[in-house]
Every structure is written in structure tokens, then in C-alpha cells.
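To be precise, the following lines are work34.tsv, and they hold TSV, C-alpha atoms.
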```tsv
chain	number	residue	atom	x	y	z
A	2	MET	CA	0.00	0.00	0.00
A	3	LYS	CA	1.24	3.44	-0.86
A	4	ALA	CA	0.29	6.82	0.51
A	5	LEU	CA	1.39	10.34	-0.16
A	6	LEU	CA	0.85	12.60	2.86
A	7	GLN	CA	0.67	16.34	2.62
A	8	ARG	CA	0.57	18.45	5.75
A	9	VAL	CA	-2.09	21.04	5.03
A	10	SER	CA	-3.54	24.14	6.62
A	11	GLU	CA	-6.73	23.31	4.68
A	12	ALA	CA	-7.90	20.87	2.02
A	13	ARG	CA	-11.11	19.86	0.30
A	14	VAL	CA	-12.34	17.47	-2.38
A	15	VAL	CA	-14.93	18.50	-4.96
A	16	VAL	CA	-16.95	16.04	-7.08
A	17	ASP	CA	-19.33	17.39	-9.74
A	18	GLY	CA	-19.13	20.87	-8.22
A	19	ASP	CA	-19.99	19.71	-4.67
A	20	THR	CA	-17.54	19.63	-1.77
A	21	VAL	CA	-17.62	16.05	-0.48
A	22	GLY	CA	-14.81	16.26	2.11
A	23	GLU	CA	-13.04	19.12	3.81
A	24	ILE	CA	-10.58	19.65	6.66
A	25	ALA	CA	-8.71	22.53	8.23
A	26	GLN	CA	-5.21	21.77	9.62
A	27	GLY	CA	-4.23	18.15	9.19
A	28	LEU	CA	-3.09	15.61	6.63
A	29	LEU	CA	-4.26	15.04	3.09
A	30	VAL	CA	-3.75	11.29	2.55
A	31	LEU	CA	-3.61	10.14	-1.06
A	32	LEU	CA	-4.01	6.36	-0.72
A	33	CYS	CA	-3.31	3.54	-3.18
A	34	ALA	CA	-4.01	-0.15	-2.62
A	35	GLU	CA	-1.77	-2.46	-4.62
A	36	ARG	CA	-2.16	-6.07	-5.69
A	37	GLY	CA	-1.65	-8.35	-2.72
A	38	ASP	CA	-2.40	-5.73	-0.08
A	39	THR	CA	-4.53	-6.81	2.87
A	40	GLU	CA	-6.53	-5.16	5.64
A	41	THR	CA	-3.52	-5.79	7.89
A	42	VAL	CA	-1.31	-3.78	5.53
A	43	GLY	CA	-3.90	-0.98	5.67
A	44	GLN	CA	-3.87	-1.12	9.47
A	45	LYS	CA	-0.07	-0.75	9.51
A	46	MET	CA	-0.37	2.21	7.14
A	47	LEU	CA	-2.97	3.85	9.38
A	48	ASP	CA	-0.82	3.25	12.48
A	49	LYS	CA	2.12	4.97	10.79
A	50	ILE	CA	0.03	7.91	9.55
A	51	LEU	CA	-1.58	8.59	12.93
A	52	LYS	CA	1.79	8.51	14.75
A	53	LEU	CA	4.01	10.23	12.17
A	54	ARG	CA	5.49	13.36	13.74
A	55	VAL	CA	5.25	16.03	11.03
A	56	PHE	CA	3.69	18.93	12.97
A	57	TYR	CA	5.76	21.52	14.81
A	58	ASP	CA	6.06	21.65	18.58
A	59	GLU	CA	6.57	24.85	20.55
A	60	SER	CA	10.30	24.73	19.69
A	61	GLY	CA	9.68	24.59	15.96
A	62	LYS	CA	10.65	20.90	15.62
A	63	MET	CA	8.48	18.32	13.92
A	64	ASN	CA	7.58	16.40	17.08
A	65	HIS	CA	3.77	16.23	16.95
A	66	SER	CA	1.47	13.83	15.14
A	67	VAL	CA	-1.89	14.61	13.57
A	68	GLN	CA	-3.43	13.16	16.73
A	69	ASP	CA	-1.34	15.42	18.96
A	70	VAL	CA	-2.54	18.55	17.14
A	71	ALA	CA	-6.14	17.30	16.76
A	72	GLY	CA	-5.82	17.75	13.02
A	73	GLY	CA	-8.09	16.31	10.37
A	74	LEU	CA	-7.48	13.51	7.91
A	75	LEU	CA	-8.73	13.87	4.34
A	76	VAL	CA	-8.39	10.43	2.72
A	77	VAL	CA	-8.53	10.34	-1.08
A	78	SER	CA	-8.19	7.22	-3.23
A	79	GLN	CA	-5.34	7.62	-5.73
A	80	PHE	CA	-4.59	4.52	-7.78
A	81	THR	CA	-2.07	6.47	-9.88
A	82	LEU	CA	0.43	6.20	-7.01
A	83	ALA	CA	0.96	2.66	-8.37
A	84	ALA	CA	2.32	4.07	-11.65
A	85	ASP	CA	5.28	2.28	-13.15
A	86	THR	CA	7.20	4.70	-15.36
A	87	ARG	CA	10.34	2.62	-15.92
A	88	SER	CA	9.51	1.93	-19.55
A	89	GLY	CA	8.16	4.23	-22.24
A	90	THR	CA	6.21	7.42	-21.69
A	91	ARG	CA	2.81	6.00	-20.72
A	92	PRO	CA	2.60	4.85	-17.08
A	93	SER	CA	1.51	1.30	-16.33
A	94	PHE	CA	-0.86	0.74	-13.44
A	95	THR	CA	-0.74	-3.06	-13.32
A	96	SER	CA	0.47	-3.08	-9.71
A	97	ALA	CA	-2.67	-1.25	-8.53
A	98	ALA	CA	-5.27	-3.45	-6.86
A	99	PRO	CA	-8.28	-4.32	-9.05
A	100	ALA	CA	-11.13	-1.83	-8.55
A	101	GLU	CA	-13.30	-3.90	-6.18
A	102	GLU	CA	-10.32	-5.02	-4.10
A	103	GLY	CA	-9.06	-1.43	-3.98
A	104	ARG	CA	-12.50	-0.17	-2.94
A	105	HIS	CA	-12.71	-2.76	-0.16
A	106	LEU	CA	-9.26	-1.86	1.19
A	107	TYR	CA	-9.96	1.88	0.93
A	108	ASP	CA	-13.32	1.51	2.71
A	109	HIS	CA	-11.73	-0.61	5.43
A	110	PHE	CA	-8.93	1.93	5.91
A	111	VAL	CA	-11.46	4.77	6.22
A	112	ALA	CA	-13.65	2.81	8.65
A	113	GLN	CA	-10.64	2.05	10.86
A	114	ALA	CA	-9.47	5.66	10.68
A	115	ARG	CA	-12.91	6.85	11.82
A	116	LEU	CA	-12.77	4.49	14.80
A	117	ARG	CA	-9.38	5.84	15.84
A	118	HIS	CA	-9.45	9.52	14.89
A	119	PRO	CA	-12.17	12.11	15.49
A	120	CYS	CA	-11.98	14.04	12.20
A	121	VAL	CA	-11.86	11.92	9.04
A	122	GLN	CA	-13.21	13.15	5.71
A	123	THR	CA	-12.97	11.45	2.32
A	124	GLY	CA	-13.21	11.81	-1.39
A	125	VAL	CA	-15.35	9.45	-3.49
A	126	PHE	CA	-13.66	6.23	-4.57
A	127	GLY	CA	-13.26	6.07	-8.35
A	128	ALA	CA	-14.78	9.51	-8.97
A	129	ASP	CA	-13.24	12.35	-10.96
A	130	MET	CA	-12.19	14.53	-8.03
A	131	LYS	CA	-10.77	18.01	-7.78
A	132	VAL	CA	-8.50	18.27	-4.76
A	133	HIS	CA	-7.81	21.74	-3.38
A	134	LEU	CA	-5.16	22.15	-0.72
A	135	VAL	CA	-2.81	24.55	0.94
A	136	ASN	CA	0.34	22.53	1.61
A	137	ASP	CA	1.79	23.72	4.91
A	138	GLY	CA	5.58	23.91	4.81
A	139	PRO	CA	5.50	22.46	2.21
A	140	VAL	CA	5.63	19.04	3.86
A	141	THR	CA	5.02	16.03	1.61
A	142	ILE	CA	5.87	12.51	2.80
A	143	PRO	CA	5.68	9.33	0.69
A	144	LEU	CA	4.88	6.11	2.60
A	145	THR	CA	4.96	2.50	1.47
A	146	ILE	CA	3.91	-0.47	3.59
A	147	ILE	CA	4.72	-3.88	2.09
A	148	GLY	CA	3.26	-7.20	3.17
A	149	ALA	CA	1.92	-8.17	6.52
```
Transcribe the structure of this file into C-alpha cells.
Amino acid sequence: MKALLQRVSEARVVVDGDTVGEIAQGLLVLLCAERGDTETVGQKMLDKILKLRVFYDESGKMNHSVQDVAGGLLVVSQFTLAADTRSGTRPSFTSAAPAEEGRHLYDHFVAQARLRHPCVQTGVFGADMKVHLVNDGPVTIPLTIIGA
């Protein structure tokens, strides 16, 4: 499973002109399930995201997690994180989980996040989404969790 985290001061997702998810300070989580991923892999990804210290403390050091600062999570499905660009000029997405498997893993990740964190918003799986964000820092962190 892959994720791209962006520390944001605000972010929102728009589908067909309607805002479907929105947070103030927190993390925008672009999430990709890959072939062979399991719910356990998703749980490990969530554990890492909730504990990752990317928010400043009073000394200006990145010592606080999204939980510490009571920030939001905006979780957006992003199968293109599975892009393989090693050959040619058109990315291959064969390592991405098939749509139904990806949807199941995304839904499970979101459900677990909502059990463990008070502010979780989402995009719409498989929809054409417009993501608006103000990257704070900028801080952008790629994460990969393999096997479980």
C-alpha cells in the first residue's frame, strides 16, 4: 500500500461541483491499494500515519502527530500512485489493486481511521475529483507499507 501525505492548513475534495470532504489543519492522505495488499497492511499504514510526527512543537521541531494537534485527515483514493514509469512514456498501473479489491481496502482503511481519529473526511472512490489544498511547509511525505 502506498500513501502520499501532505501536511495542510486546509484541504477539500470536490466532485461534480460539490464539496464532499473538507478539513482545516491536518493531513491530506492520497491512498493507493496495490495487488496483494490486505486489511492488515492498511492497518499498519494507518498506524504509521496517525503517529508520524510532522507537525511543529513549541520549539519549531516536527515532534507532533496529527493526533497530537487534533488535526483532520482527508483520505482520497489515488490509484495512480501505483504508476510504473520505468519503460516508455505511458505509465503502467498493473500493480494497482483491481477496482473492487481497492475499494474494499480503501473503505476498510477509512472505517478504521474513523474508529481511531475524530476528524476523518474522504473523497469518493473512483470519482473524478478536484483536490484543493494549501500545503503547509511544504511538507510532503511518501509512505509504502509492504506485506503483513
Answer as number ranges by chain, residues within 6 Å of (2.0, 17.2, 8.0) using all atoms listed in the file = A: 7-8, 28, 55-56, 140
Which value, in Å to one decimal, gives the distance between CA of Ala83 in chain A and CA of Leu47 in chain A?
->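 CA of Leu47 in chain A lies at a distance of 18.2 Å from CA of Ala83 in chain A.
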Quick one: pull the distance between CA of Val16 in chain A and CA of Val70 in chain A, Å, one decimal.
->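 Going from CA of Val16 in chain A over to CA of Val70 in chain A, I get 28.3 Å.
Between Asp38 in chain A and the residues A:Leu134, A:Gly127, A:Gly103, A:Val77, the shortest atom-to-atom distance, using all atoms listed in the file, involves A:Gly103.
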What lies within 12 Å of Met130 in chain A using only C-alpha atoms, ignoring chain neighbours under 3 positions off, as an MDAnalysis selection string?
-> chainID A and resid 13:22 31 77:79 123:127 133
Keeping only C-alpha atoms, write the selected residues to a file as a PDB file, in the frame of the given file.
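Saved the output as part_25.pdb:
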```
ATOM      1  CA  ARG A  13     -11.110  19.860   0.300  1.00  0.00           C
ATOM      2  CA  VAL A  14     -12.340  17.470  -2.380  1.00  0.00           C
ATOM      3  CA  VAL A  15     -14.930  18.500  -4.960  1.00  0.00           C
ATOM      4  CA  VAL A  16     -16.950  16.040  -7.080  1.00  0.00           C
ATOM      5  CA  ASP A  17     -19.330  17.390  -9.740  1.00  0.00           C
ATOM      6  CA  GLY A  18     -19.130  20.870  -8.220  1.00  0.00           C
ATOM      7  CA  ASP A  19     -19.990  19.710  -4.670  1.00  0.00           C
ATOM      8  CA  THR A  20     -17.540  19.630  -1.770  1.00  0.00           C
ATOM      9  CA  VAL A  21     -17.620  16.050  -0.480  1.00  0.00           C
ATOM     10  CA  GLY A  22     -14.810  16.260   2.110  1.00  0.00           C
ATOM     11  CA  LEU A  31      -3.610  10.140  -1.060  1.00  0.00           C
ATOM     12  CA  VAL A  77      -8.530  10.340  -1.080  1.00  0.00           C
ATOM     13  CA  SER A  78      -8.190   7.220  -3.230  1.00  0.00           C
ATOM     14  CA  GLN A  79      -5.340   7.620  -5.730  1.00  0.00           C
ATOM     15  CA  THR A 123     -12.970  11.450   2.320  1.00  0.00           C
ATOM     16  CA  GLY A 124     -13.210  11.810  -1.390  1.00  0.00           C
ATOM     17  CA  VAL A 125     -15.350   9.450  -3.490  1.00  0.00           C
ATOM     18  CA  PHE A 126     -13.660   6.230  -4.570  1.00  0.00           C
ATOM     19  CA  GLY A 127     -13.260   6.070  -8.350  1.00  0.00           C
ATOM     20  CA  HIS A 133      -7.810  21.740  -3.380  1.00  0.00           C
TER      21      HIS A 133
END
```
Determine the nearest neighbour of Lys52 in chain A from the options A:Leu6, A:Arg36, A:Asp69, A:Gln113, counting only C-alpha atoms.
->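 The shortest atom-to-atom distance to Lys52 in chain A comes from A:Asp69.
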